[in-house]
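Next comes protein_37.cif, with mmCIF, C-alpha atoms.
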```cif
data_run
loop_
_atom_site.group_PDB
_atom_site.id
_atom_site.type_symbol
_atom_site.label_atom_id
_atom_site.label_comp_id
_atom_site.auth_asym_id
_atom_site.auth_seq_id
_atom_site.Cartn_x
_atom_site.Cartn_y
_atom_site.Cartn_z
ATOM 1 C CA MET A 1 -23.678 12.258 -43.382
ATOM 2 C CA ASP A 2 -26.280 14.914 -44.200
ATOM 3 C CA LYS A 3 -24.656 18.235 -43.187
ATOM 4 C CA LYS A 4 -28.136 19.748 -43.045
ATOM 5 C CA TYR A 5 -28.519 18.429 -39.497
ATOM 6 C CA LEU A 6 -25.029 18.643 -38.033
ATOM 7 C CA HIS A 7 -22.062 20.934 -38.465
ATOM 8 C CA LEU A 8 -18.816 19.932 -36.714
ATOM 9 C CA GLU A 9 -16.160 22.426 -35.707
ATOM 10 C CA LEU A 10 -12.772 21.584 -34.276
ATOM 11 C CA ASP A 11 -10.587 23.806 -32.102
ATOM 12 C CA ARG A 12 -7.256 21.950 -32.053
ATOM 13 C CA LEU A 13 -5.618 24.399 -29.692
ATOM 14 C CA HIS A 14 -8.220 23.695 -26.988
ATOM 15 C CA HIS A 15 -8.754 20.034 -27.934
ATOM 16 C CA LEU A 16 -12.420 20.932 -28.432
ATOM 17 C CA LEU A 17 -15.107 19.525 -30.716
ATOM 18 C CA VAL A 18 -18.316 21.502 -31.223
ATOM 19 C CA LEU A 19 -21.375 19.727 -32.606
ATOM 20 C CA HIS A 20 -23.985 22.179 -33.938
ATOM 21 C CA TRP A 21 -27.292 20.305 -34.317
ATOM 22 C CA GLN A 22 -30.236 21.618 -36.354
ATOM 23 C CA ASP A 23 -33.913 20.758 -36.697
ATOM 24 C CA PHE A 24 -35.497 17.328 -36.248
ATOM 25 C CA VAL A 25 -32.636 14.924 -36.949
ATOM 26 C CA PRO A 26 -33.603 11.585 -38.521
ATOM 27 C CA SER A 27 -32.225 8.519 -36.735
ATOM 28 C CA GLU A 28 -29.631 7.690 -39.368
ATOM 29 C CA ALA A 29 -28.208 11.237 -39.427
ATOM 30 C CA TYR A 30 -28.272 11.465 -35.615
ATOM 31 C CA ARG A 31 -26.364 8.232 -35.128
ATOM 32 C CA GLU A 32 -23.906 8.918 -37.957
ATOM 33 C CA GLY A 33 -23.250 12.368 -36.516
ATOM 34 C CA LEU A 34 -22.464 11.094 -33.040
ATOM 35 C CA LEU A 35 -20.248 8.351 -34.455
ATOM 36 C CA GLU A 36 -18.422 10.893 -36.617
ATOM 37 C CA GLY A 37 -17.849 12.947 -33.463
ATOM 38 C CA LEU A 38 -16.200 9.918 -31.862
ATOM 39 C CA GLN A 39 -13.964 9.395 -34.914
ATOM 40 C CA VAL A 40 -12.847 13.034 -35.029
ATOM 41 C CA SER A 41 -12.209 12.984 -31.277
ATOM 42 C CA ARG A 42 -10.012 9.889 -31.508
ATOM 43 C CA ARG A 43 -8.090 11.230 -34.489
ATOM 44 C CA GLU A 44 -7.571 14.727 -33.029
ATOM 45 C CA ASN A 45 -7.175 13.851 -29.314
ATOM 46 C CA VAL A 46 -10.232 15.886 -28.347
ATOM 47 C CA VAL A 47 -10.878 16.138 -24.601
ATOM 48 C CA ASN A 48 -13.636 18.783 -24.561
ATOM 49 C CA TRP A 49 -17.010 18.668 -26.272
ATOM 50 C CA VAL A 50 -19.771 21.226 -26.741
ATOM 51 C CA MET A 51 -23.137 19.954 -27.945
ATOM 52 C CA ASP A 52 -24.975 22.926 -29.406
ATOM 53 C CA THR A 53 -28.608 21.771 -29.413
ATOM 54 C CA LYS A 54 -30.094 25.298 -29.402
ATOM 55 C CA HIS A 55 -31.889 24.715 -32.720
ATOM 56 C CA MET A 56 -32.389 20.952 -32.450
ATOM 57 C CA LYS A 57 -35.829 19.382 -32.077
ATOM 58 C CA VAL A 58 -36.859 16.287 -30.137
ATOM 59 C CA ILE A 59 -34.652 13.174 -30.135
ATOM 60 C CA ARG A 60 -36.689 10.038 -30.760
ATOM 61 C CA GLN A 61 -36.853 7.488 -27.923
ATOM 62 C CA PRO A 62 -35.037 4.720 -29.881
ATOM 63 C CA ASP A 63 -32.212 7.200 -30.537
ATOM 64 C CA GLN A 64 -32.081 8.124 -26.862
ATOM 65 C CA ASP A 65 -31.822 4.431 -25.978
ATOM 66 C CA TRP A 66 -29.082 3.935 -28.593
ATOM 67 C CA THR A 67 -27.182 6.936 -27.215
ATOM 68 C CA VAL A 68 -27.224 5.527 -23.688
ATOM 69 C CA THR A 69 -26.481 1.877 -24.510
ATOM 70 C CA THR A 70 -24.318 1.985 -27.650
ATOM 71 C CA TRP A 71 -22.765 5.417 -28.137
ATOM 72 C CA PHE A 72 -22.011 6.423 -24.548
ATOM 73 C CA PRO A 73 -19.650 3.521 -23.715
ATOM 74 C CA GLN A 74 -17.542 4.548 -26.741
ATOM 75 C CA PHE A 75 -17.672 8.196 -25.667
ATOM 76 C CA GLN A 76 -16.415 7.243 -22.196
ATOM 77 C CA LEU A 77 -13.296 5.689 -23.740
ATOM 78 C CA LEU A 78 -12.295 9.090 -25.159
ATOM 79 C CA GLY A 79 -11.537 10.499 -21.713
ATOM 80 C CA VAL A 80 -13.478 13.700 -22.371
ATOM 81 C CA LYS A 81 -12.953 16.122 -19.475
ATOM 82 C CA ARG A 82 -15.739 18.605 -20.203
ATOM 83 C CA LEU A 83 -19.077 18.232 -21.968
ATOM 84 C CA GLY A 84 -20.988 21.474 -22.398
ATOM 85 C CA ILE A 85 -24.592 21.313 -23.559
ATOM 86 C CA VAL A 86 -26.245 24.377 -25.076
ATOM 87 C CA VAL A 87 -29.911 23.972 -24.177
ATOM 88 C CA SER A 88 -32.433 23.670 -26.998
ATOM 89 C CA ASN A 89 -35.308 26.067 -27.531
ATOM 90 C CA ASP A 90 -37.447 22.918 -27.926
ATOM 91 C CA ILE A 91 -38.854 21.641 -24.614
ATOM 92 C CA PHE A 92 -39.043 18.061 -25.911
ATOM 93 C CA ASN A 93 -35.348 18.111 -26.801
ATOM 94 C CA GLN A 94 -34.587 19.489 -23.340
ATOM 95 C CA MET A 95 -36.514 16.627 -21.765
ATOM 96 C CA ALA A 96 -34.749 14.010 -23.946
ATOM 97 C CA ILE A 97 -31.264 15.304 -23.148
ATOM 98 C CA SER A 98 -32.039 15.664 -19.443
ATOM 99 C CA SER A 99 -33.317 12.095 -19.401
ATOM 100 C CA MET A 100 -30.186 10.732 -21.105
ATOM 101 C CA VAL A 101 -27.812 12.675 -18.854
ATOM 102 C CA ALA A 102 -29.737 11.563 -15.755
ATOM 103 C CA ALA A 103 -29.492 7.919 -16.876
ATOM 104 C CA LEU A 104 -25.731 8.282 -17.414
ATOM 105 C CA ARG A 105 -24.729 10.708 -14.659
ATOM 106 C CA SER A 106 -23.416 8.045 -12.267
ATOM 107 C CA LYS A 107 -21.249 6.519 -15.039
ATOM 108 C CA MET A 108 -19.883 9.784 -16.422
ATOM 109 C CA SER A 109 -16.296 10.752 -15.867
ATOM 110 C CA SER A 110 -16.802 14.032 -17.771
ATOM 111 C CA GLU A 111 -17.793 17.267 -16.105
ATOM 112 C CA VAL A 112 -21.184 18.231 -17.588
ATOM 113 C CA GLU A 113 -22.647 21.734 -17.647
ATOM 114 C CA TYR A 114 -25.717 23.243 -19.306
ATOM 115 C CA PHE A 115 -25.663 26.661 -20.994
ATOM 116 C CA GLN A 116 -28.207 28.980 -22.566
ATOM 117 C CA GLU A 117 -25.698 30.461 -25.033
ATOM 118 C CA LEU A 118 -22.965 28.915 -27.174
ATOM 119 C CA GLU A 119 -20.368 31.550 -26.274
ATOM 120 C CA ALA A 120 -20.596 30.715 -22.567
ATOM 121 C CA ALA A 121 -20.268 26.988 -23.286
ATOM 122 C CA LEU A 122 -17.194 27.600 -25.450
ATOM 123 C CA ARG A 123 -15.516 29.750 -22.782
ATOM 124 C CA TRP A 124 -16.156 27.077 -20.144
ATOM 125 C CA ALA A 125 -14.893 24.229 -22.361
ATOM 126 C CA GLN A 126 -11.735 26.173 -23.189
ATOM 127 C CA GLU A 127 -10.939 27.210 -19.588
ATOM 128 C CA GLY A 128 -8.519 24.393 -18.919
ATOM 129 C CA GLU A 129 -6.586 24.887 -22.132
ATOM 130 C CA SER A 130 -4.360 27.811 -23.101
ATOM 131 C CA GLY A 131 -4.140 29.782 -26.304
ATOM 132 C CA ILE A 132 -6.440 31.508 -28.760
ATOM 133 C CA SER A 133 -9.383 29.609 -30.218
ATOM 134 C CA THR A 134 -9.238 28.705 -33.878
ATOM 135 C CA LEU A 135 -12.440 26.891 -34.772
ATOM 136 C CA PHE A 136 -12.647 25.362 -38.205
ATOM 137 C CA THR A 137 -15.122 23.137 -39.966
ATOM 138 C CA VAL A 138 -14.367 19.417 -39.975
ATOM 139 C CA GLN A 139 -14.399 18.048 -43.512
#
```
Before we go any further, please render this structure as structure tokens.
Amino acid sequence: MDKKYLHLELDRLHHLLVLHWQDFVPSEAYREGLLEGLQVSRRENVVNWVMDTKHMKVIRQPDQDWTVTTWFPQFQLLGVKRLGIVVSNDIFNQMAISSMVAALRSKMSSEVEYFQELEAALRWAQEGESGISTLFTVQ
């Protein structure tokens, strides 16, 4: 996967995966990134996610459709308790994410919250877990 578009961080103590998205992400990198997030979550027993889309651009419609129909059912199987979304500066990304969450809201078992800043999203995602955060890059 092209690390130019996505940087993954794992906080094992809080069972938290943070996905830092950047720029306009081509379909292949977008899908690979979300699938890699699933793999890391399964391997590390992750139950909290933060999607940092602050610097991400629009998500193409076919990728939105794929997220809803293909990726989301796999995400549901993880049993994620909390999904924090750091809102993008890009209005088109905001609209895409809002549309996907609205389409999935009735099927979601995760608690979903939107944040303007990463630090607030991290604090919220870590609330239910004890200990000191130790984020590290996923290789």
Reference answer for the PyMOL selection byres ((chain A and resi 111) around 7), as number ranges by chain: A: 81-83, 109-110, 112-113
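Candidate residues A:Val47, A:Ala29, A:Ile59, A:Leu34 were compared for distance to Asp11 (chain A), and the nearest is A:Val47, using all atoms listed in the file.
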If you count all atoms listed in the file, which residues fall within 8 Å of Ala121 (chain A), apart from same-chain ones fewer than 2 positions away, as a short mmCIF file (atom, residue, chain, number, x, y, z; two decimals) with C-alpha atoms, in the frame of the given file?
```cif
data_model
loop_
_atom_site.label_atom_id
_atom_site.label_comp_id
_atom_site.auth_asym_id
_atom_site.auth_seq_id
_atom_site.Cartn_x
_atom_site.Cartn_y
_atom_site.Cartn_z
CA VAL A 50 -19.77 21.23 -26.74
CA GLY A 84 -20.99 21.47 -22.40
CA ILE A 85 -24.59 21.31 -23.56
CA VAL A 86 -26.24 24.38 -25.08
CA TYR A 114 -25.72 23.24 -19.31
CA PHE A 115 -25.66 26.66 -20.99
CA GLU A 117 -25.70 30.46 -25.03
CA LEU A 118 -22.96 28.92 -27.17
CA GLU A 119 -20.37 31.55 -26.27
CA ARG A 123 -15.52 29.75 -22.78
CA TRP A 124 -16.16 27.08 -20.14
CA ALA A 125 -14.89 24.23 -22.36
#
```
Just so the selection is clear, what residues does the PyMOL selection byres ((chain A and resi 66) around 12) cover here, as JSON, numbers by chain? {"A": [27, 28, 30, 31, 32, 34, 35, 59, 60, 61, 62, 63, 64, 65, 67, 68, 69, 70, 71, 72, 73, 74, 100]}
Ranking A:Ser99, A:Asn48, A:Arg42, A:Trp21 by minimum distance to Leu122 (chain A) and counting only C-alpha atoms, which one comes first? A:Asn48
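With only C-alpha atoms as the atoms that count, the minimum distance from Thr53 (chain A) to the choices A:Phe75, A:Val80, A:Val40, A:Val18 is reached by A:Val18.
For the set A:Leu8, A:Val87, A:Met56, A:Leu77, the residue with the smallest atom-to-atom gap to Pro26 (chain A) is A:Met56, counting all atoms listed in the file.
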Could you tell me, as number ranges by chain, exactly which residues end up selected when the PyMOL selection byres ((chain A and resi 44) around 12) is applied to this structure? A: 9-17, 37-43, 45-48, 78, 138
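The coordinates place CA of Glu36 (chain A) at 24.3 Å from CA of Phe92 (chain A).
Going from CA of Met108 (chain A) to CA of His55 (chain A) covers 25.2 Å.
For the atom pair formed by CA of His7 (chain A) and CA of Lys107 (chain A), the distance is 27.5 Å, given to one decimal.
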Would you place a box with edges along x, y and z of the file around all atoms of region 60-75 of chain A listed there, add 6 Å to each of its six sides, and report the centre and edge lengths in Å to one decimal, as JSON?
```
{"center_x": -27.2, "center_y": 6.0, "center_z": -27.2, "size_x": 31.3, "size_y": 20.2, "size_z": 19.1}
```
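Distance check against Trp49 (chain A) using only C-alpha atoms: of A:Gln94, A:Ser88, A:Leu19, A:Lys4, the minimum falls on A:Leu19.
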Find the residues near Val58 (chain A): any atom within 8 Å, counting all atoms listed in the file, skip ones fewer than 5 places away on the same chain, and give them as number ranges by chain. A: 24, 90-94, 96
